[in-house]
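Visitor: Below are the structure tokens for one structure; questions will follow.
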Amino acid sequence: MPWTKVYSDRSEFDLAVEKDPALRGLTYRDAILEASTQLLESDSDFFILGEGVDDPGGVFGTTKGLAERFGTERVMDTPLAENGITGVAMGAALAGMRPLLVHMRVDFMTISLDQIANHAAKWSYMFGGAVNVPLTIRAIIGRGWGSAAQHSQSLQAMFTQVPGLKVVMPATPYDAKGLLVSSIYDDNPVIFIEHRGLYETVGHVPKELYNIELGHGVVRREGADVTIVAISQMLSEAIKAARRLSNEGIECEIIDLRTLLPMDKGIIIESVKKTGRLVVADTGWKEGGYSAEVSAVIAEEAFDLLKAPVQRVALPNVPTPASHVLEAAFYKGENDIIEAVKRVVR
Amino acid sequence: MELDTTVQIELYKSMLRVRLLEEKVVELYPDQEMKCPVHLCIGQEAIAAGVCAHLKSDDYLFSNHRGHGHYLAKGGDMRALVAEFYGRTTGCSRGKGGSMHIIDTDVGLLGTSAIVGGGIPMGVGAALAATLRGEDQVSVVFFGDGAFDEGVFYESYNFATLKKLPVIFICENNFYATNSPQRARHAGSRIADAALVFGSTGICVDGNDVEAVHNAAGTAVEHARAGKGPMLVEALTYRWKGHVGPGTDFEAGCRSEAELREWIDRCPIKSFRTKLIENGILNTETNNRIAEAITDEIEEAFQFAMDSPLPEPSDLLTDLFS
């Protein structure tokens, strides 16, 4: 299946296309742009709003040209009023629209937590299911080039703590498109978190509109020795790590959860049944992080399967620093995953 | 402008219905069968009645924790409201919301938030939806003077004015946020004036004069429906009960009894009834008949609620997602 394949770079994808001309290469960025375009074409209830969605840059290219083509009513720039605009989007959703609210940075969502956590997440349950909130919020995790503490946060764990939200983190272009479409057509609030480091990655993306059901992970690589659950951008790091480990005779099975909330526990447990070992690689912080939840699920539900303690690869408990030297010390990558794997397989 | 007598009678009935329902809550609350906080609007009924009289059933409404009056005045189902107080499955929120979280989508009430100011942007969003679809609904948000402290009010008002959205902002200024007086929180005293900063119009009215409220709301609704954007209506009023619960709060030193007495003397229902009787629009017999009909409806609603089933513990996990 071409969509399960993760290509490490463009040249690898180009080689794949030589073998299979039916493959259609698209970057992660363009996959989001294509999904948005096709939704605007096909559904009059769908609209996009957010700070700078109509500017020439078009949110790193993901909304580029849409305002010119579909008008500024359906691709609407907004004031810098994150909480209020989130409430506006939610109200529109309650009144039958399917809004997509876009934040260039996840960090900006902390200003809108009232409308997300107190309102959007609660509205179905609190009113006994009388209404629902088909609102999708896109936000992007920044990384590198001194982005520093307020333009780089990976806050998925904060959202997975809130019942009533769904949290999606696509790691490939195919998933970026299909999961965005599914998020829009989900009748509940979905937090859709992208990673800036993935925007240039290329993969097979079908031209037509398609769905990927939320809540299902996928095995990206099969292996018998250790399971790596890799979130978002950590997937490509895990794949690089797995290739190197394979040269040493260690075969990693890599799981991309794709949806964090609800978690596909089954796919992790099935894999750990086979490998008996688990490493969780997350783009977020370690303490109280999503990797802790994955670890806890396995400790509670599959402890007897484990041959070694669970290992986590996640951020140290400090804000993101600016200096490139400190950045390099802060972020985790393939070497950290390799070390974690070696701790559990030795 | 003198209102049509039919409208006057309807306004009177609408206020009285809210008053008598909440008085029944006061009477039965000590039984501790309504196991949720209640924020009563006794004394403030003219605002809900005067505003909602202009709304069609498909116009949107967003309210707050003190929302019983808005719910009833918009045409919400009284039985489902009372059943919600009692935590029953027949409640408007199936027992998941309680008195602070009431809804009736059949009449456009899309929810009430107990986070101060929280419902305001949603009301703007519903108005945006109506505009994007080219429909003529308006949206009303009810909030108190406490919400004027919140940033989300300004964010919402700016956006609504910028986009000329059909939304009406109704600030029920009862001078207190919980127990904190307006003068301790606001640099200015005239909330309606805030509209000016946005190039919009604010109207300040006596919120205990149902006809004044009706007139001001009529202007704002007409303005919104004509595509001219929002107006801010500040209605000055007073809640007779404490912030929460069926009791008064002057004994605890929250406010002075003299201040309360002064406002009780300005009861919106009593003064309007006196006027209607003096003008020959209402007589004691008709008044009694109106009150009896409402009382019967209330009795029936409470009976319905108490006879209704409680949720099963297994209902805990339902309704999270659609």
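Residues in the structure tokens are named by chain (A, B, ... in the order shown) and by number from 1 within that chain; ligands are numbered from 1 in the order shown.
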Please give the complete set of residues from segment 8-208 of chain A that DSSP, run on the backbone, assigns to strand (DSSP E or B), formatted as a ChimeraX atom specification.
Guide: /A:25-27,46-50,75-77,98-103,136-141,166-168,190-195,202-204
Visitor: Would you list, as number ranges by chain, the residues of segment 79-197 of chain B that end up in alpha helix (DSSP H) under DSSP run on this structure's backbone?
Guide: B: 79-85, 119-133, 151-162, 194-197
Visitor: Please produce a file of the residues just selected, as a PDB file, in the first residue's frame, where the atoms kept are C-alpha atoms.
Guide:
ATOM      1  CA  ARG B  79     -41.248  20.932  31.631  1.00  0.00           C
ATOM      2  CA  ALA B  80     -37.801  20.149  30.214  1.00  0.00           C
ATOM      3  CA  LEU B  81     -36.355  23.099  32.144  1.00  0.00           C
ATOM      4  CA  VAL B  82     -37.722  21.964  35.489  1.00  0.00           C
ATOM      5  CA  ALA B  83     -36.769  18.359  34.787  1.00  0.00           C
ATOM      6  CA  GLU B  84     -33.221  19.587  34.232  1.00  0.00           C
ATOM      7  CA  PHE B  85     -33.257  21.220  37.680  1.00  0.00           C
ATOM      8  CA  GLY B 119     -21.505  32.685  25.250  1.00  0.00           C
ATOM      9  CA  ILE B 120     -20.866  36.041  23.602  1.00  0.00           C
ATOM     10  CA  PRO B 121     -18.566  34.951  20.760  1.00  0.00           C
ATOM     11  CA  MET B 122     -20.775  31.971  20.025  1.00  0.00           C
ATOM     12  CA  GLY B 123     -23.691  34.298  19.463  1.00  0.00           C
ATOM     13  CA  VAL B 124     -21.537  36.244  17.030  1.00  0.00           C
ATOM     14  CA  GLY B 125     -20.597  32.992  15.301  1.00  0.00           C
ATOM     15  CA  ALA B 126     -24.221  31.968  14.844  1.00  0.00           C
ATOM     16  CA  ALA B 127     -24.856  35.372  13.282  1.00  0.00           C
ATOM     17  CA  LEU B 128     -21.886  34.780  10.993  1.00  0.00           C
ATOM     18  CA  ALA B 129     -23.376  31.442   9.949  1.00  0.00           C
ATOM     19  CA  ALA B 130     -26.699  33.114   9.112  1.00  0.00           C
ATOM     20  CA  THR B 131     -24.865  35.739   7.068  1.00  0.00           C
ATOM     21  CA  LEU B 132     -22.740  33.197   5.186  1.00  0.00           C
ATOM     22  CA  ARG B 133     -25.864  31.238   4.303  1.00  0.00           C
ATOM     23  CA  GLY B 151     -11.675  40.484  27.046  1.00  0.00           C
ATOM     24  CA  VAL B 152     -13.877  38.230  24.985  1.00  0.00           C
ATOM     25  CA  PHE B 153     -16.645  40.842  25.052  1.00  0.00           C
ATOM     26  CA  TYR B 154     -14.427  43.356  23.238  1.00  0.00           C
ATOM     27  CA  GLU B 155     -13.071  40.741  20.826  1.00  0.00           C
ATOM     28  CA  SER B 156     -16.597  39.708  19.947  1.00  0.00           C
ATOM     29  CA  TYR B 157     -18.061  43.189  19.657  1.00  0.00           C
ATOM     30  CA  ASN B 158     -15.230  44.315  17.417  1.00  0.00           C
ATOM     31  CA  PHE B 159     -15.600  41.352  15.098  1.00  0.00           C
ATOM     32  CA  ALA B 160     -19.391  41.624  14.939  1.00  0.00           C
ATOM     33  CA  THR B 161     -19.191  45.318  14.078  1.00  0.00           C
ATOM     34  CA  LEU B 162     -16.361  44.806  11.595  1.00  0.00           C
ATOM     35  CA  ALA B 194     -18.392  51.012  24.847  1.00  0.00           C
ATOM     36  CA  ALA B 195     -20.164  50.604  21.505  1.00  0.00           C
ATOM     37  CA  LEU B 196     -18.933  54.035  20.454  1.00  0.00           C
ATOM     38  CA  VAL B 197     -15.317  52.898  20.303  1.00  0.00           C
TER      39      VAL B 197
END
Visitor: Could the residues of chain A within 9 Å of chain B, counting only C-alpha atoms, be given as a PyMOL selection string, please?
Guide: chain A and resi 44-45+73-74+78-97+114-115+118-119+121-133+163-165+186-189
Visitor: Hey, what's within 6 Å of Ala147 of chain B if we count only C-alpha atoms and toss same-chain stuff fewer than 2 positions away? As a VMD selection string, please?
Guide: chain B and resid 116 to 117 144 to 145 149 to 150
Visitor: Restrict the selected residues to C-alpha atoms and save them as a PDB file, in the first residue's frame.
Guide:
ATOM      1  CA  VAL B 116     -18.676  34.677  32.322  1.00  0.00           C
ATOM      2  CA  GLY B 117     -18.752  36.103  28.791  1.00  0.00           C
ATOM      3  CA  GLY B 144     -24.195  40.597  32.686  1.00  0.00           C
ATOM      4  CA  ASP B 145     -22.022  43.484  33.777  1.00  0.00           C
ATOM      5  CA  ASP B 149     -14.801  42.810  32.491  1.00  0.00           C
ATOM      6  CA  GLU B 150     -13.859  40.009  30.107  1.00  0.00           C
TER       7      GLU B 150
END
Visitor: Can you tell me, as a list in words, what residues are no more than 10 Å from segment 304-306 of chain A when counting only C-alpha atoms, ignoring any on the same chain fewer than 2 positions away?
Guide: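 Listing them by chain and then by number gives Ile269, Val272, Lys273, Lys274, Thr275, Gly276, Arg277, Leu278, Ile298, Ala299, Glu300, Glu301, Ala302, Ala308, Pro309, Val310 and Val344 of chain A.
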Visitor: So that I have them on file, write out the residues from the current selection with C-alpha atoms, as a compact mmCIF listing (two decimals), in the first residue's frame.
Guide:
# COMPACT_ATOMS: atom_id res chain seq x y z
CA ILE A 269 -0.99 -3.79 22.49
CA VAL A 272 3.84 -5.23 22.11
CA LYS A 273 2.44 -8.78 22.18
CA LYS A 274 4.90 -9.52 19.40
CA THR A 275 7.91 -7.49 20.53
CA GLY A 276 7.58 -7.31 24.33
CA ARG A 277 9.31 -3.95 24.29
CA LEU A 278 8.08 -0.39 23.91
CA ILE A 298 0.66 -0.49 28.36
CA ALA A 299 1.55 -0.74 32.06
CA GLU A 300 -2.11 -1.17 32.94
CA GLU A 301 -3.29 -3.33 30.11
CA ALA A 302 -0.24 -5.25 28.88
CA ALA A 308 11.80 -4.54 29.68
CA PRO A 309 10.66 -1.22 31.14
CA VAL A 310 9.01 1.23 28.73
CA VAL A 344 15.35 -2.15 26.14
Visitor: Grab the atom CA of Asn279 of chain B to atom CA of Asp4 of chain B distance for me, in Å with one decimal place.
Guide: 12.3 Å
Visitor: Give me the residues near Gly57 of chain A as an NGL selection string, where near means some atom within 12 Å (using only C-alpha atoms) and where sequence neighbours in that chain fewer than 6 positions away do not count.
Guide: :A and (51 or 63-67 or 104)
Visitor: Residues of segment 207-239 of chain A that approach segment 6-15 of chain A to 10 Å or less, counting only C-alpha atoms: could you list each one with the shortest pair of atoms and its distance in Å to one decimal, rows by chain and increasing residue number, as CSV?
Guide:
residue,atom,partner,partner_atom,distance
A:Arg220,CA,A:Val6,CA,7.5
A:Arg221,CA,A:Val6,CA,9.3
A:Leu235,CA,A:Val6,CA,8.7
A:Ser236,CA,A:Ser8,CA,7.0
A:Glu237,CA,A:Ser8,CA,9.4
A:Ile239,CA,A:Ser8,CA,8.2
Visitor: Please save all heavy atoms of the selected residues as a compact mmCIF listing (two decimals), in the first residue's frame.
Guide:
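Output (part-v2.txt):
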# COMPACT_ATOMS: atom_id res chain seq x y z
N ARG A 220 3.85 1.41 10.48
CA ARG A 220 4.67 1.97 9.39
C ARG A 220 5.82 1.06 9.00
O ARG A 220 6.37 1.16 7.92
CB ARG A 220 5.25 3.33 9.83
CG ARG A 220 4.24 4.41 10.08
CD ARG A 220 3.59 4.85 8.79
NE ARG A 220 2.65 5.94 9.03
CZ ARG A 220 1.80 6.40 8.12
NH1 ARG A 220 1.76 5.85 6.92
NH2 ARG A 220 0.98 7.39 8.41
N ARG A 221 6.22 0.23 9.93
CA ARG A 221 7.33 -0.68 9.67
C ARG A 221 7.12 -1.87 10.57
O ARG A 221 6.77 -1.71 11.73
CB ARG A 221 8.65 0.02 10.02
CG ARG A 221 9.90 -0.75 9.69
CD ARG A 221 11.14 0.00 10.22
NE ARG A 221 12.36 -0.48 9.62
CZ ARG A 221 12.99 -1.60 9.97
NH1 ARG A 221 12.51 -2.38 10.93
NH2 ARG A 221 14.13 -1.95 9.36
N LEU A 235 8.00 10.34 13.78
CA LEU A 235 7.91 9.18 12.89
C LEU A 235 9.12 9.11 11.97
O LEU A 235 9.74 8.05 11.82
CB LEU A 235 6.60 9.24 12.08
CG LEU A 235 6.47 8.15 11.01
CD1 LEU A 235 6.44 6.76 11.64
CD2 LEU A 235 5.23 8.38 10.16
N SER A 236 9.47 10.21 11.33
CA SER A 236 10.61 10.15 10.40
C SER A 236 11.92 9.88 11.15
O SER A 236 12.80 9.18 10.65
CB SER A 236 10.69 11.43 9.55
OG SER A 236 10.60 12.56 10.36
N GLU A 237 12.01 10.41 12.36
CA GLU A 237 13.20 10.12 13.18
C GLU A 237 13.25 8.62 13.53
O GLU A 237 14.31 8.00 13.52
CB GLU A 237 13.17 10.95 14.48
CG GLU A 237 13.20 12.46 14.27
CD GLU A 237 14.50 12.94 13.62
OE1 GLU A 237 15.57 12.43 13.99
OE2 GLU A 237 14.43 13.81 12.72
N ILE A 239 11.95 6.18 11.82
CA ILE A 239 12.26 5.38 10.63
C ILE A 239 13.77 5.40 10.35
O ILE A 239 14.37 4.37 10.05
CB ILE A 239 11.43 5.88 9.43
CG1 ILE A 239 9.99 5.38 9.63
CG2 ILE A 239 12.01 5.40 8.11
CD1 ILE A 239 9.00 5.96 8.69
Visitor: With distances taken over only C-alpha atoms, which residue among B:Leu72, B:Leu232, B:Ile42, B:Ile277 lies nearest Ile264 of chain B?
Guide: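 With only C-alpha atoms as the atom set, the closest residue is B:Ile42.
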Visitor: Of the candidates A:Ser291, A:Val102, A:Leu245, A:Glu208, which shows the shortest atom-to-atom distance to Glu339 of chain A, using only C-alpha atoms?
Guide: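 Between A:Ser291, A:Val102, A:Leu245, A:Glu208, the residue approaching Glu339 of chain A most closely is A:Leu245.
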